[in-house]
file final_24.cif (mmCIF, C-alpha atoms)
data_protein
loop_
_atom_site.label_atom_id
_atom_site.label_comp_id
_atom_site.auth_asym_id
_atom_site.auth_seq_id
_atom_site.Cartn_x
_atom_site.Cartn_y
_atom_site.Cartn_z
CA MET A 1 329.86 175.60 160.92
CA PRO A 2 329.93 175.63 164.74
CA THR A 3 330.63 178.75 166.79
CA GLY A 4 332.91 178.56 169.80
CA LEU A 5 334.46 180.61 172.59
CA LEU A 6 338.21 181.19 172.56
CA MET A 7 339.47 180.12 175.99
CA ARG A 8 343.23 180.21 175.63
CA SER A 9 346.02 181.05 173.20
CA THR A 10 349.22 179.01 173.28
CA GLY A 11 351.37 180.53 170.58
CA SER A 12 350.01 179.34 167.25
CA ARG A 13 347.40 177.08 168.88
CA TYR A 14 344.09 178.11 170.38
CA ILE A 15 341.73 176.31 172.74
CA VAL A 16 338.11 176.80 171.65
CA ARG A 17 335.07 175.74 173.66
CA GLY A 18 332.23 174.50 171.50
CA GLU A 19 328.61 175.24 172.33
CA ASP A 20 328.39 171.70 173.77
CA GLY A 21 331.20 172.47 176.23
CA VAL A 22 333.80 170.33 174.46
CA LEU A 23 337.27 171.88 174.11
CA HIS A 24 339.02 171.85 170.73
CA THR A 25 342.63 172.61 169.85
CA CYS A 26 342.62 174.85 166.77
CA ILE A 27 344.86 176.84 164.48
CA ALA A 28 343.90 180.09 162.74
CA LYS A 29 343.19 180.05 159.02
CA GLY A 30 343.62 183.18 156.90
CA LYS A 31 343.61 186.78 158.11
CA LEU A 32 341.27 186.91 161.07
CA ARG A 33 340.95 190.62 161.70
CA ILE A 34 338.01 192.90 162.41
CA LYS A 35 337.80 196.04 160.29
CA GLY A 36 338.96 199.09 162.22
CA TYR A 37 341.11 197.13 164.70
CA SER A 38 344.89 197.59 164.78
CA THR A 39 346.37 195.28 167.38
CA THR A 40 349.33 192.98 167.87
CA ASN A 41 347.07 189.96 168.43
CA PRO A 42 344.20 189.34 165.99
CA LEU A 43 342.60 186.76 168.30
CA ALA A 44 342.00 187.27 172.03
CA VAL A 45 340.56 185.27 174.89
CA GLY A 46 336.80 185.78 174.96
CA ASP A 47 336.44 186.04 171.18
CA LEU A 48 333.55 184.25 169.49
CA VAL A 49 334.81 182.35 166.45
CA ASP A 50 333.55 179.98 163.80
CA PHE A 51 335.67 176.84 163.57
CA MET A 52 335.91 173.46 161.88
CA PRO A 53 336.60 170.73 164.48
CA ALA A 54 339.43 168.32 163.65
CA ALA A 55 339.93 169.95 160.26
CA GLU A 56 343.39 168.46 159.71
CA VAL A 57 346.06 166.26 161.23
CA ILE A 58 349.34 167.84 162.33
CA GLY A 59 351.79 165.20 163.46
CA ASN A 60 349.64 162.80 165.47
CA GLU A 61 347.18 165.48 166.55
CA HIS A 62 343.76 166.26 165.12
CA VAL A 63 343.54 170.05 164.98
CA GLY A 64 340.55 172.27 164.25
CA ALA A 65 340.63 175.44 162.16
CA ILE A 66 339.32 178.87 163.17
CA THR A 67 337.81 180.43 160.06
CA LYS A 68 335.96 183.53 161.26
CA LEU A 69 336.21 186.08 164.06
CA HIS A 70 332.87 187.55 165.17
CA GLN A 71 332.40 191.23 165.97
CA ARG A 72 333.35 191.98 169.57
CA ARG A 73 330.79 193.30 172.06
CA ASN A 74 333.65 195.02 173.91
CA TYR A 75 337.33 194.51 174.63
CA LEU A 76 340.07 195.77 176.93
CA VAL A 77 343.45 196.90 175.66
CA ARG A 78 346.77 198.19 176.94
CA LYS A 79 350.08 199.09 175.36
CA SER A 80 351.87 196.25 173.64
CA VAL A 81 355.02 195.15 175.45
CA ASN A 82 357.53 195.84 172.68
CA LEU A 83 355.55 198.15 170.39
CA SER A 84 354.63 201.17 172.48
CA HIS A 85 352.31 202.69 169.87
CA HIS A 86 350.40 199.47 169.28
CA LYS A 87 347.70 197.99 171.44
CA HIS A 88 347.37 194.50 172.80
CA VAL A 89 343.88 193.12 173.34
CA ILE A 90 343.82 191.56 176.80
CA ALA A 91 340.38 189.98 176.41
CA SER A 92 337.00 190.56 174.81
CA ASN A 93 333.25 190.17 175.34
CA MET A 94 333.30 190.71 179.12
CA ASP A 95 330.50 191.60 181.52
CA GLN A 96 332.81 193.16 184.12
CA CYS A 97 336.42 193.83 185.05
CA LEU A 98 337.68 192.90 188.52
CA VAL A 99 340.67 195.02 189.55
CA MET A 100 342.56 193.08 192.23
CA VAL A 101 344.47 195.29 194.64
CA THR A 102 346.81 194.69 197.58
CA LEU A 103 348.16 197.53 199.68
CA ALA A 104 351.23 195.61 200.84
CA ARG A 105 353.34 192.71 199.59
CA PRO A 106 353.00 193.92 196.82
CA ARG A 107 351.52 197.41 197.03
CA THR A 108 349.20 198.59 194.27
CA SER A 109 349.39 202.31 193.52
CA HIS A 110 346.47 204.63 192.88
CA GLY A 111 348.04 205.25 189.47
CA PHE A 112 347.73 201.62 188.41
CA ILE A 113 344.15 201.33 189.67
CA ASP A 114 343.13 204.55 187.93
CA ARG A 115 344.65 203.51 184.59
CA VAL A 116 342.69 200.27 184.64
CA LEU A 117 339.51 202.11 185.65
CA VAL A 118 339.94 204.71 182.89
CA THR A 119 340.49 202.00 180.28
CA ALA A 120 337.51 199.97 181.51
CA GLU A 121 335.30 203.08 181.49
CA ALA A 122 336.45 203.95 177.96
CA TYR A 123 335.53 200.50 176.67
CA LYS A 124 332.22 200.37 178.58
CA ILE A 125 333.23 197.51 180.89
CA PRO A 126 331.90 197.90 184.46
CA PRO A 127 334.83 197.74 186.92
CA ILE A 128 334.81 196.41 190.48
CA ILE A 129 337.75 196.87 192.87
CA ILE A 130 338.70 193.90 195.07
CA PHE A 131 341.02 194.61 198.00
CA ASN A 132 342.69 191.28 198.76
CA LYS A 133 344.95 189.88 201.52
CA VAL A 134 343.37 192.12 204.15
CA ASP A 135 343.99 189.49 206.85
CA ASP A 136 347.71 190.23 206.48
CA TYR A 137 347.49 194.01 207.07
CA ASP A 138 348.85 195.81 210.12
CA ASP A 139 347.10 198.83 211.64
CA ASP A 140 348.77 201.32 209.30
CA GLU A 141 347.84 199.25 206.26
CA LEU A 142 344.25 198.92 207.47
CA GLY A 143 344.16 202.70 207.75
CA LEU A 144 345.45 202.95 204.18
CA LEU A 145 342.76 200.49 203.09
CA ALA A 146 340.08 202.72 204.60
CA GLU A 147 341.48 205.70 202.67
CA TYR A 148 341.53 203.78 199.36
CA GLU A 149 338.01 202.50 199.91
CA ASP A 150 336.72 205.97 200.70
CA VAL A 151 338.25 207.44 197.53
CA TYR A 152 336.67 204.91 195.18
CA ARG A 153 333.35 204.42 196.93
CA THR A 154 332.82 208.19 197.01
CA ILE A 155 333.19 208.25 193.23
CA GLY A 156 330.67 205.43 192.90
CA TYR A 157 332.81 202.36 192.30
CA ARG A 158 331.91 199.11 193.99
CA THR A 159 334.60 197.68 196.26
CA LEU A 160 334.96 194.32 197.97
CA ILE A 161 337.26 193.23 200.79
CA THR A 162 338.61 189.68 200.60
CA SER A 163 341.24 187.27 201.77
CA ALA A 164 341.33 184.61 199.07
CA LEU A 165 343.90 182.52 200.95
CA LYS A 166 341.63 182.40 204.02
CA HIS A 167 338.46 182.08 201.89
CA LYS A 168 337.02 185.28 203.35
CA GLY A 169 334.57 187.19 201.17
CA MET A 170 334.40 184.43 198.56
CA GLU A 171 330.63 184.01 198.68
CA GLU A 172 330.17 187.65 197.76
CA VAL A 173 332.66 187.28 194.92
CA LYS A 174 330.84 184.17 193.66
CA ALA A 175 327.55 186.05 193.65
CA LEU A 176 329.08 188.77 191.47
CA LEU A 177 330.59 186.25 189.06
CA ARG A 178 327.64 183.93 188.64
CA GLY A 179 326.40 183.67 185.05
CA LYS A 180 328.88 186.29 183.77
CA VAL A 181 332.20 186.62 181.97
CA SER A 182 334.63 188.43 184.29
CA LEU A 183 338.18 189.64 183.75
CA LEU A 184 340.78 189.63 186.55
CA VAL A 185 343.48 192.32 186.33
CA GLY A 186 346.26 193.11 188.80
CA HIS A 187 349.96 193.01 189.65
CA SER A 188 351.77 189.70 190.07
CA GLY A 189 351.32 188.49 193.62
CA VAL A 190 347.97 190.13 194.43
CA GLY A 191 346.28 186.72 194.53
CA LYS A 192 344.42 186.38 191.23
CA SER A 193 345.09 182.65 190.84
CA THR A 194 344.51 182.09 194.56
CA LEU A 195 341.11 183.76 194.21
CA VAL A 196 340.17 181.52 191.29
CA ASN A 197 341.24 178.44 193.28
CA ALA A 198 339.17 179.57 196.27
CA ILE A 199 336.11 179.98 194.06
CA ASP A 200 336.57 176.66 192.24
CA PRO A 201 339.16 174.36 193.90
CA SER A 202 338.85 171.82 191.08
CA LEU A 203 340.87 174.14 188.81
CA ASP A 204 343.94 173.95 191.11
CA LEU A 205 345.82 176.81 189.44
CA HIS A 206 349.52 177.13 190.23
CA THR A 207 350.45 179.79 192.79
CA LEU A 208 353.75 181.03 194.25
CA GLU A 209 354.80 182.91 197.35
CA ILE A 210 355.82 186.58 197.30
CA SER A 211 359.57 187.05 196.92
CA ALA A 212 361.00 187.97 200.32
CA SER A 213 363.83 189.99 198.78
CA THR A 214 361.79 192.12 196.38
CA ASP A 215 358.34 192.09 198.05
CA LYS A 216 356.93 191.39 194.58
CA GLY A 217 354.90 188.56 193.14
CA GLN A 218 356.32 185.81 191.01
CA HIS A 219 354.52 185.09 187.75
CA THR A 220 352.24 182.05 187.74
CA THR A 221 349.99 182.94 184.78
CA THR A 222 351.92 183.39 181.54
CA ALA A 223 349.04 184.30 179.21
CA ALA A 224 345.41 185.32 179.60
CA GLN A 225 343.21 182.26 179.86
CA MET A 226 339.53 181.69 180.46
CA PHE A 227 338.14 179.15 182.90
CA GLU A 228 334.60 177.87 183.26
CA LEU A 229 333.76 177.96 186.96
CA GLN A 230 331.70 175.40 188.81
CA LEU A 231 329.88 177.39 191.50
CA ASN A 232 327.70 176.30 194.36
CA ALA A 233 324.45 178.23 194.86
CA VAL A 234 325.17 181.52 196.61
CA ALA A 235 323.30 184.50 197.95
CA SER A 236 322.49 187.64 196.03
CA PRO A 237 325.23 190.32 196.30
CA GLU A 238 322.94 192.61 198.29
CA SER A 239 322.54 190.07 201.10
CA LEU A 240 326.21 189.23 201.49
CA SER A 241 329.16 190.85 203.19
CA LEU A 242 332.19 189.70 205.15
CA GLU A 243 330.32 190.36 208.39
CA SER A 244 326.94 189.05 207.24
CA LYS A 245 325.41 186.23 209.29
CA SER A 246 322.00 186.33 207.62
CA SER A 247 320.48 183.38 205.78
CA ILE A 248 321.48 182.81 202.16
CA THR A 249 318.94 183.21 199.38
CA VAL A 250 319.64 180.98 196.39
CA HIS A 251 319.60 182.55 192.93
CA PRO A 252 320.44 179.83 190.39
CA SER A 253 321.73 180.93 187.00
CA PRO A 254 321.17 178.99 183.78
CA SER A 255 324.17 180.67 182.15
CA PRO A 256 327.71 179.30 182.56
CA THR A 257 330.20 181.32 184.57
CA PHE A 258 333.59 182.25 183.11
CA ILE A 259 336.58 184.06 184.56
CA ILE A 260 339.62 185.30 182.64
CA ASP A 261 342.85 185.14 184.62
CA THR A 262 345.51 187.49 183.21
CA PRO A 263 349.29 187.66 183.66
CA GLY A 264 350.44 190.04 186.36
CA VAL A 265 351.42 193.41 184.92
CA LYS A 266 353.79 195.97 186.40
CA GLY A 267 352.20 198.87 184.55
CA PHE A 268 349.08 199.53 182.52
CA GLY A 269 349.71 201.80 179.55
CA LEU A 270 346.89 203.77 177.94
CA VAL A 271 346.57 203.66 174.16
CA ASP A 272 345.13 206.16 171.68
CA MET A 273 343.36 208.38 174.21
CA THR A 274 343.24 212.16 173.93
CA GLN A 275 343.11 214.52 176.90
CA GLU A 276 339.38 215.03 176.32
CA GLU A 277 338.78 211.27 176.25
CA ILE A 278 340.81 210.73 179.42
CA VAL A 279 338.97 213.38 181.42
CA ASP A 280 335.59 211.94 180.40
CA GLN A 281 336.54 208.62 182.05
CA PHE A 282 336.91 210.26 185.47
CA PRO A 283 333.28 210.29 186.74
CA GLU A 284 333.95 213.00 189.33
CA PHE A 285 335.46 215.25 186.62
CA PHE A 286 332.71 214.47 184.13
CA ALA A 287 330.09 215.50 186.70
CA LEU A 288 331.54 219.04 186.60
CA ARG A 289 331.47 219.29 182.82
CA GLY A 290 330.17 222.67 181.70
CA GLU A 291 330.92 224.39 185.02
CA CYS A 292 334.42 225.60 184.09
CA ARG A 293 334.83 229.18 182.87
CA PHE A 294 336.33 228.03 179.58
CA GLY A 295 334.76 225.37 177.41
CA ASP A 296 338.13 223.89 176.44
CA CYS A 297 339.44 223.80 180.02
CA LYS A 298 342.06 221.10 180.53
CA HIS A 299 341.79 221.26 184.33
CA ILE A 300 345.49 221.98 184.82
CA GLN A 301 346.00 225.67 185.61
CA GLU A 302 343.13 227.52 183.95
CA PRO A 303 341.30 230.19 185.99
CA GLY A 304 337.73 229.37 186.89
CA CYS A 305 338.30 225.62 186.62
CA ALA A 306 335.56 223.73 188.48
CA VAL A 307 337.76 220.64 188.83
CA LEU A 308 340.59 222.60 190.47
CA GLU A 309 338.10 224.30 192.78
CA ALA A 310 336.69 220.90 193.80
CA LEU A 311 340.24 219.67 194.36
CA ASP A 312 340.98 222.62 196.66
CA LYS A 313 337.81 221.89 198.64
CA GLY A 314 338.73 218.23 199.05
CA GLU A 315 335.78 217.12 196.94
CA ILE A 316 338.14 215.44 194.46
CA ALA A 317 340.89 213.19 195.83
CA ALA A 318 344.44 214.42 195.23
CA SER A 319 345.49 210.90 194.23
CA ARG A 320 342.91 210.85 191.45
CA TYR A 321 343.92 214.27 190.18
CA ASN A 322 347.60 213.25 190.19
CA SER A 323 346.70 210.15 188.17
CA TYR A 324 344.87 212.35 185.66
CA ILE A 325 347.88 214.66 185.26
CA ASP A 326 350.23 211.70 184.75
CA MET A 327 347.95 210.24 182.07
CA VAL A 328 347.56 213.54 180.23
CA GLU A 329 351.31 214.18 180.31
CA GLY A 330 352.05 210.63 179.19
CA VAL A 331 353.85 209.66 182.37
CA ASP A 332 353.74 205.89 182.91
CA GLU A 333 354.29 204.22 186.27
CA THR A 334 357.04 202.24 184.57
CA THR A 335 358.74 201.99 181.22
CA SER A 336 358.32 198.23 180.95
CA TYR A 337 355.29 195.97 181.13
CA ARG A 338 355.50 192.46 182.50
CA THR A 339 353.49 189.78 180.78
CA ASP A 340 354.99 186.63 182.17
#
call {"tool": "encode", "arguments": {"input": "final_24.cif", "output": "C-alpha cells"}}
result
Amino acid sequence: MPTGLLMRSTGSRYIVRGEDGVLHTCIAKGKLRIKGYSTTNPLAVGDLVDFMPAAEVIGNEHVGAITKLHQRRNYLVRKSVNLSHHKHVIASNMDQCLVMVTLARPRTSHGFIDRVLVTAEAYKIPPIIIFNKVDDYDDDELGLLAEYEDVYRTIGYRTLITSALKHKGMEEVKALLRGKVSLLVGHSGVGKSTLVNAIDPSLDLHTLEISASTDKGQHTTTAAQMFELQLNAVASPESLSLESKSSITVHPSPSPTFIIDTPGVKGFGLVDMTQEEIVDQFPEFFALRGECRFGDCKHIQEPGCAVLEALDKGEIAASRYNSYIDMVEGVDETTSYRTD
C-alpha cells in the first residue's frame, strides 16, 4: 500500500500527495489515532499516511482511503478553539517553524511571539523569526524593530528582515526553505500568503488588504495547507542578506521543498505545560538553572533568584520575563482564537 503526505484537510476530505507527486482526494477509514495523543483532529497537515488510491466512488468522484497514520517525528499544537482543555495539532513532521511578525498594521506583541517560541522549543522544532513589511515602517517603528531584533538575537534566535510585497529578502528566505518542510505562523495580515507568492508566484495564493478601520488583517487562509514550492537555485544562507551584493553560490537540493501556510491566529494558547516545563523553554532562564538559592525556585519573588537578578541587571529582557509570568499565571493575550 502506498505512503503519502497529507497536504490539506477540507472537512471530511483530505488531499494526499503520493510518492510520485500525484495528488489524491481521500477519506479517512476507521479510527486513525496515535497512542498517547489526545487532540481534536486525528489527522493533520504534514502527516505521513498509508492510503488506497481511488478506493471507492462517491457520487461521480473516485476517492482514496487513508488507512494508517504513521508515527509523527514532531508536531506543533495550540489550544483548540472551542475546547480550551483540548489541543489542536496545527501541523506535523516539520524541519522548522517560521514566526512571521509585523510591528505595525497589524502589530505583533512580544507575548504572541514568545508563546509560539515556547511551544516550538517544547516540541523540538527550530524557530526562526521573520520581521516582515519593514519597507512600510516609520522611524519610530524602525526603532521598535531594532529593539525586537536585539531581544531575540541576544537569546540566540535567528531573525530575518523582509518585505514580501517588495520581494526584499526573499533569496535569503528561499535558502532557508530549500529541501525542508517549514511551517508559517502569524497573525492575519502579517503577509504569510504574500510571502509564499513571492517565493513561488505560480501558486498565486489569495491575499487581502489590511482593514483601514481595525488595522487588522482579513483572513485569506481558512485551514492549514501544505504547498510544494518550485524554487530557483539560491545562495547559501550565510552568503545572503538584504544588503549583500556578493555573488551567489548555488546549492542544489535533491529533496522537495514544502511550506505549510496556516490561518492567522489572534492568540496562541499553551496546552498541558507545567511551570517547570515553561521555564525550560526560555533559553536565557535555562542557562541560569542551578544558580538560584532554592532548587524549586519559580523565578517570581523568591530571594536569591538568579533569573530576577539577571532581570534587574538588564541581562534578561523585561518583555520576555513578562511573557513568562503571563504563561505561568495562565493569562492569555485574548480569550478567543481566530482560525478563519
call {"tool": "atom_distance", "arguments": {"input": "final_24.cif", "atom1": "atom CA of A:Leu69", "atom2": "atom CA of A:Leu32"}}
result
5.9 Å
call {"tool": "resolve_selection", "arguments": {"input": "final_24.cif", "expression": "the PyMOL selection byres ((chain A and resi 181) around 6)", "output": "PyMOL selection string"}}
result
chain A and resi 94-95+180+182+258-259
call {"tool": "residues_around", "arguments": {"input": "final_24.cif", "residues": "A:Thr25", "least_positions_apart": "5", "cutoff": "9 Å", "atoms": "all atoms listed in the file", "output": "number ranges by chain"}}
result
A: 13-16, 53-54, 62-65
call {"tool": "write_last_selection", "arguments": {"input": "final_24.cif", "atoms": "C-alpha atoms", "output": "mmCIF file, in the frame of the given file"}}
result
data_model
loop_
_atom_site.group_PDB
_atom_site.id
_atom_site.type_symbol
_atom_site.label_atom_id
_atom_site.label_comp_id
_atom_site.auth_asym_id
_atom_site.auth_seq_id
_atom_site.Cartn_x
_atom_site.Cartn_y
_atom_site.Cartn_z
ATOM 1 C CA ARG A 13 347.400 177.080 168.880
ATOM 2 C CA TYR A 14 344.090 178.110 170.380
ATOM 3 C CA ILE A 15 341.730 176.310 172.740
ATOM 4 C CA VAL A 16 338.110 176.800 171.650
ATOM 5 C CA PRO A 53 336.600 170.730 164.480
ATOM 6 C CA ALA A 54 339.430 168.320 163.650
ATOM 7 C CA HIS A 62 343.760 166.260 165.120
ATOM 8 C CA VAL A 63 343.540 170.050 164.980
ATOM 9 C CA GLY A 64 340.550 172.270 164.250
ATOM 10 C CA ALA A 65 340.630 175.440 162.160
#
call {"tool": "residues_around", "arguments": {"input": "final_24.cif", "residues": "A:Gly18", "least_positions_apart": "3", "cutoff": "8 Å", "atoms": "only C-alpha atoms", "output": "ChimeraX atom specification"}}
result
/A:2-5,21-24
call {"tool": "atom_distance", "arguments": {"input": "final_24.cif", "atom1": "atom CA of A:Thr159", "atom2": "atom CA of A:Tyr321"}}
result
20.0 Å
call {"tool": "residues_near_point", "arguments": {"input": "final_24.cif", "point": "(343.7, 179.9, 194.0)", "cutoff": "8 Å", "atoms": "only C-alpha atoms", "output": "MDAnalysis selection string"}}
result
chainID A and resid 164:165 191:199 201 204:207
call {"tool": "write_last_selection", "arguments": {"input": "final_24.cif", "atoms": "C-alpha atoms", "output": "compact mmCIF listing (two decimals), in the frame of the given file"}}
result
# COMPACT_ATOMS: atom_id res chain seq x y z
CA ALA A 164 341.33 184.61 199.07
CA LEU A 165 343.90 182.52 200.95
CA GLY A 191 346.28 186.72 194.53
CA LYS A 192 344.42 186.38 191.23
CA SER A 193 345.09 182.65 190.84
CA THR A 194 344.51 182.09 194.56
CA LEU A 195 341.11 183.76 194.21
CA VAL A 196 340.17 181.52 191.29
CA ASN A 197 341.24 178.44 193.28
CA ALA A 198 339.17 179.57 196.27
CA ILE A 199 336.11 179.98 194.06
CA PRO A 201 339.16 174.36 193.90
CA ASP A 204 343.94 173.95 191.11
CA LEU A 205 345.82 176.81 189.44
CA HIS A 206 349.52 177.13 190.23
CA THR A 207 350.45 179.79 192.79
call {"tool": "axis_aligned_box", "arguments": {"input": "final_24.cif", "around": "stretch 266-270 of chain A", "padding_each_side": "4 Å", "output": "AutoDock Vina command-line options"}}
result
--center_x 350.3 --center_y 199.9 --center_z 182.2 --size_x 14.9 --size_y 15.8 --size_z 16.5
call {"tool": "residues_around", "arguments": {"input": "final_24.cif", "residues": "stretch 121-130 of chain A", "least_positions_apart": "3", "cutoff": "10 Å", "atoms": "all atoms listed in the file", "output": "PyMOL selection string"}}
result
chain A and resi 73-77+92-102+113+115-118+133+149+152-153+157-163+169+173+176+182-186+273+277-278+280-283
call {"tool": "atom_distance", "arguments": {"input": "final_24.cif", "atom1": "atom CA of A:Asn41", "atom2": "atom CA of A:His187"}}
result
21.6 Å
